[in-house]
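The file target01.cif contains mmCIF, C-alpha atoms:
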data_coords
loop_
_atom_site.label_atom_id
_atom_site.label_comp_id
_atom_site.auth_asym_id
_atom_site.auth_seq_id
_atom_site.Cartn_x
_atom_site.Cartn_y
_atom_site.Cartn_z
CA MET A 5 -202.76 47.35 50.62
CA ALA A 6 -201.60 49.63 47.82
CA THR A 7 -203.61 50.04 44.63
CA HIS A 8 -201.52 48.81 41.68
CA ILE A 9 -201.98 50.54 38.32
CA VAL A 10 -200.19 48.71 35.52
CA ILE A 11 -199.75 50.43 32.16
CA ALA A 12 -198.98 48.01 29.35
CA GLY A 13 -196.91 49.97 26.83
CA GLY A 14 -194.77 53.09 27.19
CA GLY A 15 -195.58 54.74 23.85
CA THR A 16 -197.44 58.02 23.49
CA ALA A 17 -200.55 56.92 25.42
CA GLY A 18 -198.71 54.96 28.08
CA SER A 19 -196.13 57.63 28.89
CA ILE A 20 -198.71 60.46 29.03
CA ILE A 21 -200.97 58.46 31.36
CA ALA A 22 -198.09 57.40 33.63
CA ASN A 23 -196.83 60.97 33.97
CA LEU A 24 -200.30 62.45 34.53
CA LEU A 25 -201.01 59.81 37.19
CA ALA A 26 -197.67 60.52 38.88
CA ARG A 27 -198.67 64.16 39.24
CA GLY A 28 -202.39 63.70 39.92
CA LEU A 29 -201.83 60.97 42.51
CA HIS A 30 -198.51 62.15 43.94
CA GLU A 31 -199.82 62.24 47.52
CA GLU A 32 -201.16 58.69 47.28
CA ILE A 33 -197.94 57.51 45.60
CA ASN A 34 -195.76 59.20 48.25
CA LYS A 35 -197.77 57.49 51.01
CA GLY A 36 -197.40 54.11 49.28
CA GLU A 37 -201.16 53.86 48.69
CA VAL A 38 -200.81 53.81 44.89
CA ILE A 39 -198.10 52.18 42.77
CA VAL A 40 -197.83 52.99 39.04
CA LYS A 41 -195.90 50.63 36.77
CA VAL A 42 -195.15 50.81 33.05
CA ILE A 43 -194.14 47.65 31.17
CA ASP A 44 -192.50 47.91 27.75
CA LYS A 45 -190.12 45.73 25.78
CA GLU A 46 -188.32 48.81 24.46
CA GLU A 47 -185.91 50.84 26.55
CA LYS A 48 -186.24 53.81 24.21
CA HIS A 49 -189.36 55.73 23.23
CA MET A 50 -189.54 56.59 19.52
CA TYR A 51 -191.23 59.69 18.10
CA GLN A 52 -192.89 57.79 15.26
CA PRO A 53 -193.95 60.75 13.03
CA ALA A 54 -190.22 61.42 12.47
CA LEU A 55 -190.05 58.31 10.25
CA LEU A 56 -191.63 60.27 7.40
CA TYR A 57 -188.80 62.82 7.60
CA VAL A 58 -186.11 60.11 7.89
CA VAL A 59 -187.14 58.96 4.39
CA PHE A 60 -186.18 62.39 3.01
CA ASP A 61 -183.02 62.86 5.09
CA ARG A 62 -184.67 65.52 7.29
CA PHE A 63 -184.50 63.84 10.70
CA ARG A 64 -181.54 62.07 12.29
CA GLU A 65 -181.92 58.85 14.21
CA ASN A 66 -180.59 60.24 17.50
CA GLU A 67 -183.22 63.03 17.45
CA MET A 68 -186.18 60.68 17.47
CA PHE A 69 -185.48 58.63 20.61
CA ARG A 70 -185.48 59.29 24.37
CA GLU A 71 -184.71 56.83 27.15
CA MET A 72 -188.02 55.55 28.51
CA ARG A 73 -186.69 55.80 32.05
CA ASP A 74 -185.83 59.51 31.59
CA LEU A 75 -189.23 60.28 30.07
CA LEU A 76 -191.21 58.80 32.95
CA ASN A 77 -191.70 60.58 36.27
CA PRO A 78 -189.22 59.14 38.83
CA SER A 79 -192.12 57.83 40.96
CA VAL A 80 -193.24 55.53 38.11
CA ILE A 81 -191.75 52.02 38.15
CA PHE A 82 -190.50 51.03 34.71
CA ILE A 83 -190.36 47.31 33.95
CA HIS A 84 -188.27 46.57 30.88
CA ASP A 85 -189.85 43.33 29.72
CA GLU A 86 -192.09 41.98 26.99
CA ILE A 87 -195.70 41.15 27.81
CA GLU A 88 -196.62 37.68 26.61
CA GLU A 89 -200.17 37.35 27.86
CA PHE A 90 -202.94 39.12 29.75
CA ASP A 91 -205.09 37.25 32.25
CA PHE A 92 -208.06 39.62 32.46
CA ASP A 93 -209.99 37.43 34.88
CA GLY A 94 -206.98 36.93 37.15
CA ASN A 95 -205.92 40.63 37.00
CA THR A 96 -202.42 39.59 35.98
CA VAL A 97 -199.96 40.30 33.18
CA ARG A 98 -197.40 37.62 32.33
CA THR A 99 -194.06 38.68 30.84
CA LYS A 100 -191.49 36.91 28.71
CA SER A 101 -188.99 36.75 31.56
CA GLY A 102 -191.56 34.85 33.62
CA LYS A 103 -192.81 37.69 35.84
CA LYS A 104 -196.44 37.80 36.89
CA VAL A 105 -197.44 41.41 37.44
CA ASN A 106 -200.71 41.83 39.35
CA TYR A 107 -202.92 44.85 38.95
CA ASP A 108 -205.98 46.51 40.43
CA TYR A 109 -206.28 48.72 37.36
CA LEU A 110 -204.81 47.94 33.95
CA VAL A 111 -204.28 50.33 31.04
CA ILE A 112 -203.71 48.61 27.69
CA ALA A 113 -201.64 50.92 25.53
CA THR A 114 -199.71 48.41 23.45
CA GLY A 115 -200.23 50.21 20.13
CA SER A 116 -200.33 48.71 16.66
CA LYS A 117 -197.76 47.14 14.42
CA PRO A 118 -197.31 47.29 10.63
CA ARG A 119 -197.60 43.74 9.27
CA PRO A 120 -196.21 43.56 5.70
CA ASP A 121 -196.16 39.77 6.17
CA LEU A 122 -199.97 39.80 5.81
CA VAL A 123 -199.72 40.70 2.10
CA ASP A 124 -198.27 37.92 -0.01
CA GLY A 125 -194.91 39.01 -1.48
CA LEU A 126 -194.84 42.48 0.05
CA GLU A 127 -191.82 41.96 2.31
CA GLU A 128 -189.72 40.71 -0.62
CA ASN A 129 -190.86 43.21 -3.24
CA GLY A 130 -191.93 46.39 -1.47
CA ASP A 131 -190.66 49.08 0.90
CA ILE A 132 -192.30 50.47 4.01
CA PHE A 133 -191.47 53.54 6.08
CA TYR A 134 -193.47 52.69 9.22
CA THR A 135 -190.36 51.21 10.89
CA LEU A 136 -186.95 52.83 11.35
CA GLU A 137 -185.23 50.04 9.45
CA GLY A 138 -187.74 50.39 6.57
CA ALA A 139 -187.50 54.20 6.49
CA LYS A 140 -183.69 54.09 6.31
CA LYS A 141 -183.73 51.44 3.59
CA LEU A 142 -186.19 53.53 1.57
CA ARG A 143 -184.07 56.66 2.12
CA ASP A 144 -181.05 54.86 0.72
CA LYS A 145 -183.03 53.66 -2.31
CA LEU A 146 -184.40 57.15 -2.99
CA ARG A 147 -180.90 58.64 -2.90
CA LYS A 148 -179.97 56.41 -5.85
CA PHE A 149 -183.32 56.42 -7.65
CA ASP A 150 -183.06 58.26 -10.96
CA GLY A 151 -186.30 57.46 -12.76
CA GLY A 152 -189.16 54.99 -13.19
CA LYS A 153 -192.53 54.08 -11.74
CA VAL A 154 -193.02 54.95 -8.06
CA LEU A 155 -196.19 53.58 -6.49
CA VAL A 156 -197.60 54.42 -3.04
CA SER A 157 -200.16 51.75 -2.16
CA VAL A 158 -202.26 51.89 0.98
CA ALA A 159 -203.76 48.94 2.91
CA ALA A 160 -206.25 48.87 5.78
CA PRO A 161 -206.22 49.18 8.71
CA HIS A 162 -203.15 51.35 9.21
CA LYS A 163 -201.98 53.97 11.66
CA CYS A 164 -201.46 57.64 10.85
CA PRO A 165 -204.15 57.96 8.16
CA VAL A 166 -202.61 61.13 6.70
CA ALA A 167 -199.08 59.72 6.20
CA PRO A 168 -199.82 58.22 2.74
CA LEU A 169 -200.89 61.63 1.43
CA GLU A 170 -197.94 63.33 3.10
CA ILE A 171 -195.41 60.97 1.55
CA ILE A 172 -196.87 61.26 -1.96
CA PHE A 173 -196.73 65.08 -1.82
CA MET A 174 -193.23 65.00 -0.33
CA LEU A 175 -192.07 62.54 -3.01
CA ASP A 176 -193.40 64.88 -5.69
CA GLU A 177 -191.43 67.79 -4.21
CA TYR A 178 -188.34 65.64 -3.55
CA PHE A 179 -188.10 64.53 -7.19
CA ARG A 180 -188.74 68.11 -8.40
CA GLN A 181 -185.91 69.37 -6.20
CA LYS A 182 -183.62 66.67 -7.61
CA GLY A 183 -184.62 67.80 -11.12
CA ILE A 184 -185.87 64.35 -12.16
CA ARG A 185 -189.65 64.71 -11.75
CA ASP A 186 -190.14 64.33 -15.52
CA LYS A 187 -188.49 60.89 -15.33
CA ILE A 188 -190.83 59.69 -12.56
CA ASP A 189 -194.29 58.20 -12.98
CA LEU A 190 -195.80 58.84 -9.53
CA SER A 191 -198.94 56.86 -8.61
CA TYR A 192 -201.11 56.29 -5.55
CA THR A 193 -203.75 53.72 -4.70
CA TYR A 194 -206.29 53.82 -1.87
CA PRO A 195 -208.65 51.15 -0.48
CA ILE A 196 -211.95 53.08 -0.61
CA GLY A 197 -213.71 55.05 -3.33
CA ARG A 198 -211.79 58.32 -2.85
CA VAL A 199 -208.13 59.26 -2.24
CA HIS A 200 -208.50 59.73 1.52
CA ALA A 201 -210.80 58.48 4.27
CA LEU A 202 -211.84 62.05 5.13
CA GLU A 203 -214.06 63.32 2.35
CA PRO A 204 -213.09 67.03 2.67
CA VAL A 205 -209.40 66.01 2.61
CA ALA A 206 -210.01 63.83 -0.45
CA ASN A 207 -211.84 66.71 -2.16
CA TRP A 208 -208.88 68.98 -1.47
CA ALA A 209 -206.27 66.38 -2.47
CA VAL A 210 -207.63 65.42 -5.91
CA PRO A 211 -206.96 68.85 -7.56
CA GLU A 212 -203.51 68.77 -5.91
CA PHE A 213 -202.85 65.34 -7.47
CA GLU A 214 -203.94 66.64 -10.87
CA LYS A 215 -201.88 69.84 -10.57
CA ARG A 216 -198.77 67.85 -9.63
CA GLY A 217 -199.27 65.06 -12.20
CA ILE A 218 -199.81 62.31 -9.60
CA ASN A 219 -201.88 59.37 -10.92
CA TYR A 220 -204.36 57.80 -8.55
CA GLU A 221 -206.62 54.79 -8.36
CA THR A 222 -209.29 54.15 -5.74
CA LEU A 223 -211.03 50.97 -4.53
CA PHE A 224 -207.66 49.21 -4.76
CA ASN A 225 -206.70 46.82 -1.93
CA MET A 226 -203.29 45.16 -2.17
CA GLU A 227 -203.66 41.38 -2.16
CA LYS A 228 -200.41 40.10 -3.65
CA VAL A 229 -197.12 41.67 -4.67
CA GLU A 230 -194.78 40.19 -7.25
CA GLN A 231 -191.60 41.69 -8.63
CA GLY A 232 -192.71 44.91 -10.34
CA VAL A 233 -196.48 44.41 -9.98
CA VAL A 234 -199.18 44.69 -7.30
CA HIS A 235 -202.41 42.70 -7.64
CA SER A 236 -205.54 44.02 -5.93
CA MET A 237 -208.37 42.23 -4.17
CA GLU A 238 -210.66 43.87 -6.74
CA GLY A 239 -208.84 42.11 -9.62
CA PHE A 240 -206.63 44.93 -10.95
CA GLU A 241 -202.85 45.34 -11.35
CA LYS A 242 -200.37 48.21 -10.98
CA GLU A 243 -196.77 48.09 -12.17
CA PHE A 244 -193.88 49.67 -10.26
CA ASP A 245 -190.12 50.07 -10.08
CA LEU A 246 -190.34 51.25 -6.46
CA LEU A 247 -193.31 50.24 -4.28
CA ILE A 248 -193.84 52.24 -1.09
CA ALA A 249 -196.53 50.31 0.75
CA ILE A 250 -198.52 51.27 3.82
CA PRO A 251 -199.11 47.72 5.09
CA PRO A 252 -202.08 46.48 7.10
CA HIS A 253 -201.62 46.71 10.86
CA LYS A 254 -202.53 44.51 13.79
CA GLY A 255 -202.50 45.00 17.52
CA SER A 256 -199.95 43.49 19.89
CA GLU A 257 -199.17 39.77 19.76
CA SER A 258 -199.65 39.69 23.55
CA LEU A 259 -203.33 40.58 23.04
CA ILE A 260 -203.77 38.14 20.17
CA ASN A 261 -202.24 35.47 22.50
CA SER A 262 -204.85 36.47 25.09
CA GLY A 263 -207.77 35.79 22.75
CA ILE A 264 -208.35 39.33 21.44
CA GLN A 265 -209.02 39.11 17.69
CA ASP A 266 -206.35 40.95 15.67
CA GLY A 267 -205.23 42.63 18.91
CA TRP A 268 -207.97 45.31 18.71
CA VAL A 269 -209.60 45.42 22.15
CA PRO A 270 -213.39 45.90 22.24
CA THR A 271 -213.63 49.28 23.98
CA ASP A 272 -216.40 51.54 25.23
CA ARG A 273 -216.15 54.58 22.94
CA HIS A 274 -216.82 57.13 25.71
CA LEU A 275 -215.36 55.67 28.92
CA LEU A 276 -212.47 53.90 27.13
CA LYS A 277 -212.88 50.81 29.30
CA ALA A 278 -212.47 47.31 27.87
CA GLU A 279 -215.91 45.81 27.31
CA GLY A 280 -216.75 43.55 30.24
CA TYR A 281 -213.90 44.69 32.50
CA ASP A 282 -214.52 47.64 34.80
CA ASN A 283 -210.88 47.87 35.91
CA VAL A 284 -209.31 47.81 32.42
CA TYR A 285 -208.85 50.95 30.32
CA VAL A 286 -207.74 50.88 26.68
CA CYS A 287 -205.93 53.73 24.99
CA GLY A 288 -204.43 54.57 21.60
CA ASP A 289 -204.12 52.38 18.51
CA THR A 290 -205.11 49.16 20.24
CA THR A 291 -208.79 50.07 20.78
CA ASN A 292 -211.30 48.68 18.28
CA LEU A 293 -212.88 52.14 17.99
CA PRO A 294 -213.69 53.37 14.46
CA ILE A 295 -211.40 56.37 14.75
CA SER A 296 -207.93 57.26 13.45
CA LYS A 297 -205.02 55.27 14.84
CA ALA A 298 -202.84 58.32 15.42
CA GLY A 299 -200.65 59.93 18.06
CA SER A 300 -203.15 62.71 18.63
CA THR A 301 -205.94 60.19 19.25
CA ALA A 302 -203.72 58.46 21.81
CA HIS A 303 -202.93 61.84 23.37
CA PHE A 304 -206.56 62.98 23.76
CA GLU A 305 -207.67 59.56 24.96
CA ALA A 306 -204.78 59.46 27.45
CA ASP A 307 -205.95 62.73 29.03
CA VAL A 308 -209.39 61.16 29.61
CA VAL A 309 -208.04 57.83 30.90
CA ALA A 310 -205.66 59.53 33.35
CA GLU A 311 -208.36 61.87 34.62
CA ASN A 312 -210.79 58.98 35.07
CA LEU A 313 -208.26 56.82 36.89
CA ILE A 314 -207.41 59.68 39.23
CA ALA A 315 -211.13 60.33 39.86
CA GLU A 316 -211.82 56.61 40.42
CA ILE A 317 -209.04 56.34 42.99
CA LYS A 318 -209.83 59.61 44.77
CA GLU A 319 -213.64 59.62 44.48
CA GLY A 320 -214.71 56.17 43.36
CA HIS A 321 -216.05 56.98 39.88
CA PRO A 322 -214.79 58.10 36.46
CA ALA A 323 -214.99 61.82 35.72
CA ARG A 324 -215.58 62.31 32.02
CA ASP A 325 -216.18 60.86 28.57
CA TYR A 326 -213.94 60.83 25.50
CA ASP A 327 -215.68 62.67 22.64
CA GLY A 328 -213.73 61.07 19.77
CA LYS A 329 -211.40 64.05 19.31
CA VAL A 330 -208.58 63.67 16.76
CA MET A 331 -206.29 66.38 15.36
CA CYS A 332 -203.75 65.74 12.60
CA PHE A 333 -201.27 67.95 10.81
CA ILE A 334 -200.99 67.14 7.10
CA GLU A 335 -197.70 68.06 5.43
CA THR A 336 -198.40 69.05 1.81
CA GLY A 337 -194.73 69.15 0.78
CA PHE A 338 -191.57 70.52 2.39
CA SER A 339 -192.87 74.05 2.89
CA SER A 340 -196.62 73.99 3.58
CA ALA A 341 -199.11 72.03 5.65
CA THR A 342 -202.74 71.94 6.71
CA TYR A 343 -204.54 70.24 9.59
CA VAL A 344 -207.84 68.60 10.44
CA TRP A 345 -209.65 68.09 13.70
CA PHE A 346 -212.90 66.25 14.31
CA ASN A 347 -214.74 64.16 16.87
CA TYR A 348 -217.62 61.67 16.93
CA THR A 349 -220.16 64.36 16.00
CA THR A 350 -218.19 67.10 14.21
CA PRO A 351 -216.86 66.39 10.71
CA PRO A 352 -213.41 67.67 9.71
CA ASP A 353 -212.98 70.87 7.73
CA PRO A 354 -209.37 71.29 6.52
CA VAL A 355 -208.03 74.84 6.21
CA PRO A 356 -206.02 75.97 3.15
CA PRO A 357 -202.36 74.83 3.46
CA SER A 358 -199.94 77.46 4.72
CA LYS A 359 -196.29 77.91 5.67
CA MET A 360 -197.35 78.81 9.22
CA ILE A 361 -198.98 75.41 9.83
CA HIS A 362 -195.90 73.68 8.38
CA TRP A 363 -193.67 75.62 10.80
CA LEU A 364 -196.01 74.70 13.65
CA LYS A 365 -195.64 71.03 12.68
CA LEU A 366 -191.85 71.33 12.53
CA GLY A 367 -191.93 72.98 15.96
CA TYR A 368 -194.18 70.25 17.36
CA ASN A 369 -191.72 67.63 16.09
CA ARG A 370 -189.25 69.09 18.62
CA VAL A 371 -191.61 69.75 21.54
CA TYR A 372 -193.33 66.36 21.35
CA TRP A 373 -191.29 65.29 24.37
CA LEU A 374 -193.39 67.64 26.51
CA THR A 375 -196.49 65.76 25.35
CA ALA A 376 -194.95 62.41 26.32
CA ARG A 377 -194.14 63.91 29.72
CA GLY A 378 -197.80 64.86 30.18
CA ILE A 379 -197.11 68.60 30.09
CA LEU A 380 -198.35 69.74 26.66
CA MET B 15 -218.58 42.14 18.52
CA SER B 16 -220.93 39.40 17.34
CA GLU B 17 -224.61 38.62 17.76
CA ASN B 18 -226.16 35.32 16.60
CA ASN B 19 -223.16 34.58 14.35
CA VAL B 20 -223.39 38.03 12.75
CA VAL B 21 -220.29 40.18 13.11
CA ILE B 22 -221.17 43.78 13.93
CA VAL B 23 -218.86 46.58 12.82
CA ASP B 24 -220.02 49.63 14.73
CA ALA B 25 -218.66 52.51 12.64
CA ARG B 26 -221.11 55.10 13.92
CA GLY B 27 -219.46 58.50 14.33
CA SER B 28 -216.51 57.43 12.17
CA PHE B 29 -215.17 60.14 9.89
CA CYS B 30 -211.68 58.65 9.62
CA PRO B 31 -210.98 55.90 8.65
CA GLY B 32 -214.73 55.58 7.97
CA PRO B 33 -217.24 52.73 7.66
CA LEU B 34 -215.98 51.20 4.40
CA MET B 35 -212.39 51.10 5.68
CA GLU B 36 -213.66 49.50 8.89
CA LEU B 37 -215.43 46.85 6.79
CA ILE B 38 -212.34 46.22 4.62
CA SER B 39 -210.24 45.79 7.78
CA LYS B 40 -212.73 43.38 9.34
CA ILE B 41 -213.63 41.29 6.30
CA LYS B 42 -210.04 40.03 5.97
CA SER B 43 -210.14 38.46 9.42
CA VAL B 44 -213.47 36.60 9.32
CA PRO B 45 -214.17 33.21 7.67
CA VAL B 46 -215.91 32.86 4.30
CA GLY B 47 -219.68 32.77 4.80
CA THR B 48 -219.69 35.24 7.70
CA GLU B 49 -222.41 37.86 7.69
CA ILE B 50 -221.20 41.33 8.65
CA HIS B 51 -223.43 44.25 9.59
CA VAL B 52 -221.83 47.68 9.30
CA LEU B 53 -223.49 50.33 11.48
CA SER B 54 -222.95 53.79 10.03
CA THR B 55 -224.19 57.31 10.71
CA ASP B 56 -222.80 58.34 7.33
CA LYS B 57 -225.43 58.14 4.60
CA GLY B 58 -222.73 57.96 1.88
CA SER B 59 -221.66 54.55 3.19
CA ALA B 60 -225.03 53.12 2.20
CA LYS B 61 -223.86 53.72 -1.40
CA ASP B 62 -220.07 53.23 -1.06
CA ILE B 63 -220.21 49.88 0.70
CA PRO B 64 -222.47 48.11 -1.86
CA ALA B 65 -220.29 49.53 -4.68
CA TRP B 66 -217.15 48.02 -3.14
CA ILE B 67 -218.87 44.70 -2.35
CA LYS B 68 -219.93 44.44 -6.01
CA LYS B 69 -216.42 45.25 -7.24
CA VAL B 70 -214.77 42.61 -5.03
CA GLY B 71 -217.52 40.02 -5.47
CA HIS B 72 -218.95 39.59 -1.96
CA GLU B 73 -222.73 39.35 -1.40
CA TYR B 74 -224.72 42.47 -0.58
CA LEU B 75 -227.66 41.57 1.67
CA GLY B 76 -229.33 44.98 1.85
CA THR B 77 -229.40 48.18 3.85
CA GLU B 78 -231.75 48.90 6.73
CA GLU B 79 -232.47 52.40 7.98
CA LYS B 80 -232.66 52.73 11.78
CA GLU B 81 -233.11 55.79 13.95
CA GLY B 82 -230.17 58.03 13.05
CA TYR B 83 -228.04 55.34 11.39
CA TRP B 84 -227.91 52.72 8.65
CA VAL B 85 -227.15 49.00 8.83
CA VAL B 86 -225.40 47.72 5.70
CA LYS B 87 -225.41 43.91 5.50
CA VAL B 88 -222.75 41.89 3.71
CA ARG B 89 -221.78 38.22 3.42
CA LYS B 90 -218.15 37.29 2.73
CA THR B 91 -218.18 34.88 -0.21
CA LYS B 92 -214.51 34.26 -0.99
#

Please render this file's structure as structure tokens.
Amino acid sequence: MATHIVIAGGGTAGSIIANLLARGLHEEINKGEVIVKVIDKEEKHMYQPALLYVVFDRFRENEMFREMRDLLNPSVIFIHDEIEEFDFDGNTVRTKSGKKVNYDYLVIATGSKPRPDLVDGLEENGDIFYTLEGAKKLRDKLRKFDGGKVLVSVAAPHKCPVAPLEIIFMLDEYFRQKGIRDKIDLSYTYPIGRVHALEPVANWAVPEFEKRGINYETLFNMEKVEQGVVHSMEGFEKEFDLLIAIPPHKGSESLINSGIQDGWVPTDRHLLKAEGYDNVYVCGDTTNLPISKAGSTAHFEADVVAENLIAEIKEGHPARDYDGKVMCFIETGFSSATYVWFNYTTPPDPVPPSKMIHWLKLGYNRVYWLTARGIL
Amino acid sequence: MSENNVVIVDARGSFCPGPLMELISKIKSVPVGTEIHVLSTDKGSAKDIPAWIKKVGHEYLGTEEKEGYWVVKVRKTK
């Protein structure tokens, strides 16, 4: 009997794991001893960090997608279907089309989803750039925007923790380049008591805000949005002409349907296995781990999950622990960037922004497809 | 994770998004009256979390120092 490995989700984590398994277990796969399947409702894989650039007309839609089938190693079976429910005790995944896919090992890599519907009035009165549709709508509004109050308001939890800072700095530069910065009141709100979750990043960002004339308010959690005004959980209000919101996120509906609260799967922080299930790994945004929901997190976790699955199948036990590693580029405008890296025990220490790091980020935007293929 | 009707938010080793952000994310999804314990290796959270609780109007139940981490206790009141 073959060992079936089912990967739920073909995003960054899912595609890296599938491709690493295809190489690491190629002998077993060729002999029919191991079968690797990826299930995803999308036929195309999106490079999500490009959404930030779409807002400013710096990335075209066709550049940010690849066919899922082309991205996956030919020995991986791709099932184009939507997962409706997981039966963790029955080792089965049920799909929308009625398929029951059995597994010996499961990898949950179903990601996270922005949920503007969770903030009263946000969908009607605000813009988001965490979806392609939202980014394009915002791009079109910005093209016509000629002055007024622009507010970036951040909710929790959300993926890509540096994106709110990146967009505020890019907006500042965008309006300067258009020659209308003096007609724009640019403001930013953040849920905790500083302007970014990472203290060294917040310490670096505040003088930048002051230098660029960006207003900021902390301990502000969006609760309700009405036309032209955001109300916070803390009892304060902010007015706007254009609200760019980073909405709260949740995990996949298929997990919520399976009894997992908010779709965040309780996960062992080192082995990346679902608590209580020795044959289920969890990777990327959908873990409940207290670390950044970011592509790099998914990437570093995926390396560990793939290596452990290969070791389990070849030798009967996992090979190594995940150390909490995260690395994020931070664009500080259109011509400079910095980066942070940290893990469970090492705090981040951002370097001064430079053109070189910005160029590296622009280069990575193009070579990301090697990461998804499990090469870089 | 929950133990005796207390919801545990284990934010040890969290630099980003950090313990307070983990609490804010969790508190929205639990019923009023729930007691939440935030486990944090970051000493600053022992100050930041009570400050936010006070601002929003939830109940701060105290902070306990354990070996190498702090437990900040909160009850959701609204």

If we count all atoms listed in the file, which residues of chain B reach to within 12 Å of chain A? Please list them as an MDAnalysis selection string. chainID B and resid 15:16 22:44 52:56 58:59 61:72 92

Applied to the shown file, which residues does the PyMOL selection byres ((chain B and resi 89) around 9) return, written as a PDB file with C-alpha atoms, in the frame of the given file?
ATOM      1  CA  VAL B  46    -215.910  32.860   4.300  1.00  0.00           C
ATOM      2  CA  GLY B  47    -219.680  32.770   4.800  1.00  0.00           C
ATOM      3  CA  THR B  48    -219.690  35.240   7.700  1.00  0.00           C
ATOM      4  CA  GLU B  49    -222.410  37.860   7.690  1.00  0.00           C
ATOM      5  CA  ILE B  50    -221.200  41.330   8.650  1.00  0.00           C
ATOM      6  CA  HIS B  51    -223.430  44.250   9.590  1.00  0.00           C
ATOM      7  CA  HIS B  72    -218.950  39.590  -1.960  1.00  0.00           C
ATOM      8  CA  GLU B  73    -222.730  39.350  -1.400  1.00  0.00           C
ATOM      9  CA  TYR B  74    -224.720  42.470  -0.580  1.00  0.00           C
ATOM     10  CA  LEU B  75    -227.660  41.570   1.670  1.00  0.00           C
ATOM     11  CA  LYS B  87    -225.410  43.910   5.500  1.00  0.00           C
ATOM     12  CA  VAL B  88    -222.750  41.890   3.710  1.00  0.00           C
ATOM     13  CA  LYS B  90    -218.150  37.290   2.730  1.00  0.00           C
ATOM     14  CA  THR B  91    -218.180  34.880  -0.210  1.00  0.00           C
TER      15      THR B  91
END

Selected by the PyMOL selection byres ((chain A and resi 373) around 12) in the shown coordinates: which residues, as a PyMOL selection string? chain A and resi 15-16+19-20+23+49-52+67-72+74-76+367-372+374-380

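Taken over the whole file, the PyMOL selection byres ((chain A and resi 217) around 12) covers exactly Ile172, Phe173, Leu175, Asp176, Glu177, Arg180, Arg185, Asp186, Lys187, Ile188, Asp189, Leu190, Ser191, Tyr192, Val210, Pro211, Glu212, Phe213, Glu214, Lys215, Arg216, Ile218, Asn219 and Tyr220 of chain A.
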
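Note that the spacing between CA of Gln181 in chain A and CA of Leu146 in chain A amounts to 12.7 Å.
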
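Restricting the calculation to only C-alpha atoms, the smallest distance between Ala310 in chain A and any of A:Thr291, A:Val154, A:Glu65, A:Tyr285 is found for A:Tyr285.
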
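Picture a line from CA of Asp245 in chain A to CA of Gly125 in chain A; it runs 14.8 Å.
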
Just the residues within 12 Å of Ile39 in chain A, please, counting only C-alpha atoms, with nothing from its chain fewer than 4 positions along; format it as JSON, numbers by chain. {"A": [5, 6, 7, 8, 9, 10, 11, 22, 25, 26, 29, 30, 31, 32, 33, 34, 35, 78, 79, 80, 81, 82, 106, 107, 108, 109, 110, 317]}

Quick check, in Å to one decimal: how far apart do CA of Glu227 in chain A and CA of Ser256 in chain A lie? 22.5 Å

If we count all atoms listed in the file and set the cut-off at 9 Å, which residues sit around Ala306 in chain A, ignoring sequence neighbours fewer than 2 positions away in its own chain? Please answer as an NGL selection string. :A and (16-21 or 24 or 287-288 or 301-304 or 308-311)

Do a neighbour search on Trp208 in chain A at 12 Å with all atoms listed in the file, toss out local chain neighbours closer than 6 positions, and write the hits as a PyMOL selection string. chain A and resi 169+198-200+202+214-215+334+336+342-344+353-357
